[in-house]
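Step one of this worksheet: look at the structure below.
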Amino acid sequence: MLRYVLSRLSQAVLVIFVMSFLLFVLIGLMPGDPIENMFEGNPSLTPELIGQMRELYGLDQPITLRYWHWLMAALQGDFGYSSLYSRPVLTVLGPALLQTGKLLALTLMISVPSAIILGALAARKPNGLVDSAIGLFSFAAISMPNFWVSLLLIILFSVNLGWLPASGLPMTSDASFWLELRHLILPVMVLVMFHVGPLIRYVRAAMIETLSADFVRTARAKGLSEGTVIARHAVRNALIPMITVLALSFGHLFSGALVIETIFGMLGMGKTIYDAVGNIDFNLALVGLLLATVVVLISNLLADLAYAYLDPRITL
Amino acid sequence: MTPTNQMTQAVPTLTLSHLPPVQSIWQLRFEKFRSHRLAMFSLGFLILLIVICLMAWPFSALLGIDPNKTNLLYRFQPPSAEHWLGTDDLGRDVLVRLMFGGQVSIAVGLVATLLMAIVGVAIGVTAGFVGGRIDAVLMRVTDCMLALPLVPLLIVLGSIDLTKIGISQASATSPLFVFLRIVIIIALVDWTTMARIARAGAIQIRDRDYVRAASVSGANGRYNVIVHVLPNISTPLIVASTLTVGRVILLESTLSFLGFGIVPPTPTWGNMLTNAQQLIISAPHLAVYPGLLIFLTVMAVNFVGDGARFAFDPRSESGKSH
Amino acid sequence: MKPLLEINDVSIHFGMRGGLFQAGPTLRAVDNVSLSMNKGETLAIVGESGSGKSTLGYAVAGLRPPTKGSIQINPARPHSSGRDPVQIIFQDPFSALDPRMTVETIVAEPLRLAGVDLSNRRMRVTEVLEQVGMPADAAHRYPHQFSGGQRQRLAIARALIGDPELIVADEPLSALDVSIQSRILNLMGDIREKLGISYFFISHDFGVVRHLADRVAVLYLGRIMEVADADDIFATPSHPYTQALLAAVPRIGRGRRLRGSALKGEIPTPLNPPSGCVFHTRCPRATAICSTERPELLPAPGRSGQLSACHHKD
C-alpha cells in the first residue's frame, strides 16, 4: 500500500511541476507586459527606465531561467504579489478557495445522492417510462449551457419572482449563515444541473450491469425483497467504481464553478482566475490556475486511494 | 488415415440462397439507426438548422440587413416585419445574428472535432500499434488532461497575445484567424478523449488474426493501419466524434460568453449572451433565443450520438461480428 | 535436395514488462529447437497450451523473429516477388476475417499485397472458393453471414490463393464443432493431395494429428521432448510425456495400456522453468539426474529415426 501511495504521489508531484512550467510559459504569453502594467499611465516611464526595470526584475532573462527563479521563490512560500489586489496572491486565493469549496461541497451533497436515486430508479426497468423520463432529463442536463441556465434562473427567481438574490454575496465574515445560504441557492442549483447529468447515466449503466450479475440473482433467489436487493447488494457494488467517475468529474465541476461564480459575482477560485486573466494579473492567474490544478489532482489521488481501499479485489 | 478422393463427396458445395440478401455492416447499422426515432428526428432537426443558418446570406441580403451594423435609434425593437425577432441592445437584427452566429458555432463544433479526430487518431493509433514508450507517455498525458479543469485553461489560452509568438497584429485579428484560434485551443485541450479511444481500438485490432494473416503476406504497419485498423475502429470513433461536436459547441459558447472566444462583432450564440446579463431587466428575451439554440443543437447532436451508439452496439447487432 | 523448412537451433524469448527501473523477467517461449521438414510433408507440433507451439508457428510464418537461431524456407518453385511461399490459418475463424471486408477482398488480400491486378485476383478467388467448397456467390458477402466452419474454409481459401508451399495451421480445428472438425480435416487432406502443400500443423490433440501428420514433434515448455515419424510415435512412443499425452487420447479397442498414467498437475510457468529436464516435475519416472542435467535429444534405443530427450527413454 505504501509503495502504491508513494508512486502515485511522486507522479502527482511530477505532473504539478510540468504543469507549473507550462502555465508559466502560457501566462507569459498573455497580452501586456508586467512592468508596463505596474506603472500604467505613469508619464515619467521612459523606455530606458523600462529597460532598467526589466533588468531589475530579470525579465530580460530566458524563460527557463525566469521559471527557475520563480520556482525557487515559490518553494520557499513566496508566490508573489497580485497586481489587481495589491496583496500577496495567497491572501487573495485563500478565501477564494474556501468560497469555491463551499459551493462545490453543497453541490456534491445534492448531486451525488440525487444521481444515485435517479440512476437506480431508471435502472429498475430499462427502457420503461421512468427510465425514458430520467434519460431525457439527464440528456437535457448534459446539453444545457450552464451560463444560460444561470441567466434563466436569475430572470425567473430574481427578476420576476424576486425570491432570491442574483449576486452580491458579501465577503465579510460576519455575513449570517442564512444570508450566505440564500446567495448560494441559485449557483448550487445550476452547478447540480451541470454535474448530475453524466452521473445519472453512469449510475444507471452500472446498476443495470450489476442487477444482471450472478450475485444479485442469488440474492433474489434467496427471497430477498427487490428493495433490499437493490439497496444492499446492487447499489454498493455499482457505486465503488463511481468514486473514480466522481474524481474525474472534479475538473469538469471546477470549470462549471468558474462560469457560475462569474455570473453570480461570487469571489471564488473561478471568478478570481477569470478576473486575473481579464486584468492581466500574471501572478494571480498563474498561482490560481496552479492551485486549481493541485486541488483537482489531490482529489483524484484521494479517489484512487479510496477506490483501492474499498475494492476488495485490489490488494496493495 | 490418408486423404482420398471421397472428400469431394464429404464436402458438398454450399448454396447460399437461404441467406438474407447481401448487406454490409453499414447497411445493417443504418437500418438500426433509422429505428431510433429520437435520433432520426434530431438528425432532421440538425440538417434543417444548418440549412436555415446557411440561408443567412440570401436572407439578410434580401431584407437589406447588415448583421453587424449597429443603430442606436433602433435598440430593443419588438418583432416586426423587418426584424422578425426584433433588435438587440445595439439595434442589430436578432434573427440574422442568430443565423450567422449558428454558422460560426456549428462550424467551430465540426472543424474542431475533425481536427481532434485527425490528431487524436494519428497519435492514438500510433501509440496503440507501436506500443512501448510512446504509448506510456501518451497514457500519462491523457490521464492528466482528463482531470484538468478545462475552462480555466481555455481562458488562459484564449487570452494569449499572438503577437508574442510572432504573428502579426493584422492577421491575429482577422476573422479566419480568430476562428482557427478557438478551434485550435479547444482541440488542444480535448484531443485526448479521441486518442484514448483510437488507442484502445488499435490495440484490440492489432492482435486480430486477420492483421496477422496480412502480415504473413507481407503487409507492413501502414497497410494494416489503413486497411484493417482504421475501418474497424471507425465505430467508436464516430460515436465519440458526435458527442465531441456537442461538447465543443458548449465549450465555444462558454468561452465566447466569457469574452475569451470569438469576440464581437462576429456573432456566435455564446457571445450574443455576453451582454444579456446586464440587460436582464430591460430585455430578458434576448437571453432566451441564443441559449435555447445552443441547448437544442447540443441536445440533438447528443441524441444523434446516442442513436449511433445504439446502431453500432454489437450486442444489438443481428450478425455476430467482432 | 534441401528440405523445405529448416529450423536451426531457434530460441524465442520475450522480455516481460518490468518496473520503471528494472528489466522484467525473460519468458523462454521456445528454447533451442531444431526441426526440418521436406516438401509435401506434414509436420505436426503437439503440446499443451503454454508449450510454445503457437509461438514457433508464428516464427515459421515470419510473424515473430527468433531471438536466436535461424528459420530457413527453401521453396521448390520460384515465387514472384512479394508472394510468400508460407501462409497461415488460425484457430479462431471469427477473428481471422476482417468484418468490414467482403469475402472477395479478404480472400484476395495476399494477391493484392503481391501486386496482382484486380481481374486476375477475381479469377483466382473463384478458383480457390471452389477448391474449399464454397459457392462463387459467397465472394460478395460479408463474414458475419457465415458459420464458423464456413469461415474456416474462407480462411483456408485465403491461405491457398497465393499458391503457397507451406501452410502454418495453428490449431485450425479446436474452435469448431466436432462434426465440422472432421469436414475441415478432410478438406485439408484433400487440398494436400491435390496441390502438394505441406502443413506445419499445430495441435494439442493427438487424435487429430494422427489423421494428417507424417512427422510429429512433441513440445513441452518450449523444448522438443520427442520427434519422430508419425507411425513410430504412435506405435512406440519413447518419451514419458508423449506416452502420457497418448494415454489421454480416447481410443476404441486399444490393445495394451501404455505405461505412465495421465498427467498430473499444471504445466509450470515458462517464466521460471524447472531445472534439468523441464518435465521432471510431472514425470512419473523422474530421478535425481533429471532435476540437474538437461537431457539431449538422442535416438531412442534401436530406432535411429526417433529422437527423444529423456534420461530414461524407452
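Labels for the C-alpha cells follow display order: chains A, B, ..., residues from 1 in each chain, ligands from 1.
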
- Message: Which residues are close to segment 56-71 of chain B, i.e. within 12 Å by only C-alpha atoms, leaving aside same-chain residues fewer than 4 positions away? Reply as a VMD selection string.
- Response: chain B and resid 49 to 52 75 to 77 81 to 84 87 to 104 264 to 268 272

- Task: Select all residues from chain A having any atom no more than 6 Å from an atom of chain B (counting only C-alpha atoms, ignoring ligands), output as a ChimeraX atom specification.
- Result: /A:29-31,143-144,148,248,251-252,254-255

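Residues within 12 Å of Leu113 of chain C, counting only C-alpha atoms and excluding same-chain residues fewer than 6 positions away, are Ala213, Ala214, Ser215, Val216, Ser217, Gly218, Ala219, Asn220, Tyr223, Asn224 and Val227 of chain B; Ser80, Ser81, Gly82, Arg83, Asp84, Thr105, Ile106, Val107, Arg121, Ile161 and Gly162 of chain C.
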
Pick out the residues sitting within 7 Å of Thr67 of chain C, and hand them over as a PDB file with C-alpha atoms, in the first residue's frame; count only C-alpha atoms, and ignore anything fewer than 2 positions along from it in its own chain.
```pdb
ATOM      1  CA  SER C  11      15.038 -19.744 -29.322  1.00  0.00           C
ATOM      2  CA  ILE C  12      12.304 -17.171 -28.860  1.00  0.00           C
ATOM      3  CA  HIS C  13      12.349 -15.124 -25.680  1.00  0.00           C
ATOM      4  CA  PRO C  65      11.711 -13.065 -35.454  1.00  0.00           C
ATOM      5  CA  GLY C  69      18.956 -19.314 -34.422  1.00  0.00           C
TER       6      GLY C  69
END
```

- Enumerate as a PyMOL selection string all residues of segment 243-277 of chain B assigned to helix (DSSP H, G or I) by DSSP on the backbone, naming them with the chain letters and numbers the document uses. chain B and resi 243-258+271-273

Pull the closest atom pair for each residue of chain C that gets at most 9 Å from chain B, along with the distance in Å to one decimal, counting only C-alpha atoms, ordering rows by chain and then ascending residue number, as a tab-separated table.
```
residue	atom	partner	partner_atom	distance
C:Tyr58	CA	B:Val216	CA	9.0
C:Ala61	CA	B:Val216	CA	6.1
C:Gly62	CA	B:Val216	CA	6.3
C:Leu63	CA	B:Val216	CA	6.3
C:Gly82	CA	B:Gly218	CA	6.7
C:Arg83	CA	B:Ser217	CA	6.9
C:Asp84	CA	B:Ser217	CA	5.9
C:Val86	CA	B:Val216	CA	7.5
C:Gln87	CA	B:Val216	CA	6.4
C:Ile88	CA	B:Ala213	CA	6.4
C:Ile89	CA	B:Ala213	CA	7.7
C:Phe90	CA	B:Asp209	CA	6.8
C:Gln91	CA	B:Asp209	CA	8.8
C:Asp92	CA	B:Asp209	CA	7.9
C:Pro93	CA	B:Asp209	CA	8.6
C:Phe94	CA	B:His322	CA	7.1
C:Ser95	CA	B:Asp209	CA	5.4
C:Ala96	CA	B:Tyr210	CA	4.5
C:Leu97	CA	B:Tyr210	CA	5.3
C:Asp98	CA	B:Tyr210	CA	5.9
C:Pro99	CA	B:Ser321	CA	6.3
C:Arg100	CA	B:Asn232	CA	6.8
C:Met101	CA	B:Ser24	CA	8.5
C:Thr102	CA	B:Ser24	CA	8.2
C:Ile106	CA	B:Tyr210	CA	8.7
C:Glu109	CA	B:Ala214	CA	7.2
C:Pro110	CA	B:Ser217	CA	5.3
C:Leu111	CA	B:Ser217	CA	8.4
C:Leu113	CA	B:Ala219	CA	6.6
C:Ala114	CA	B:Ser217	CA	7.8
C:Glu130	CA	B:Thr13	CA	7.9
C:Val132	CA	B:Val11	CA	8.3
C:Gly133	CA	B:Thr13	CA	4.9
C:Met134	CA	B:Thr13	CA	5.7
C:Pro135	CA	B:Leu14	CA	6.0
C:Asp137	CA	B:Leu16	CA	7.7
C:Ala138	CA	B:Leu16	CA	7.4
C:His140	CA	B:Val22	CA	7.2
C:Arg141	CA	B:Val22	CA	5.6
C:Tyr142	CA	B:Ser24	CA	6.5
C:Pro143	CA	B:Ser321	CA	7.9
C:His144	CA	B:Gly319	CA	5.4
C:Gln145	CA	B:Gly319	CA	6.7
C:Arg158	CA	B:Ala213	CA	8.9
C:Ala159	CA	B:Ala213	CA	8.5
C:Gly162	CA	B:Ser217	CA	8.7
C:Arg183	CA	B:Val11	CA	6.8
C:Ile184	CA	B:Val11	CA	8.7
C:Asn186	CA	B:Met7	CA	6.2
C:Leu187	CA	B:Met7	CA	6.8
C:Met188	CA	B:Pro3	CA	8.6
C:Gly189	CA	B:Pro3	CA	5.0
C:Asp190	CA	B:Pro3	CA	5.8
C:Arg192	CA	B:Pro3	CA	8.5
C:Glu193	CA	B:Pro3	CA	7.1
C:Arg210	CA	B:Met1	CA	7.4
C:His211	CA	B:Met1	CA	5.1
C:Leu212	CA	B:Thr2	CA	7.2
```

- List every residue of segment 116-284 of chain C that DSSP, applied to the backbone, labels as strand (DSSP E), and write the result as a ChimeraX atom specification. /C:166-170,198-203,215-220,223-229

- Query: Any idea what's packed within 9 Å of Ser49 of chain C, counting only C-alpha atoms, ignoring anything in its chain fewer than 3 positions away? Could you give it as JSON, numbers by chain?
  - Reply: {"C": [52, 53, 54, 204, 267]}
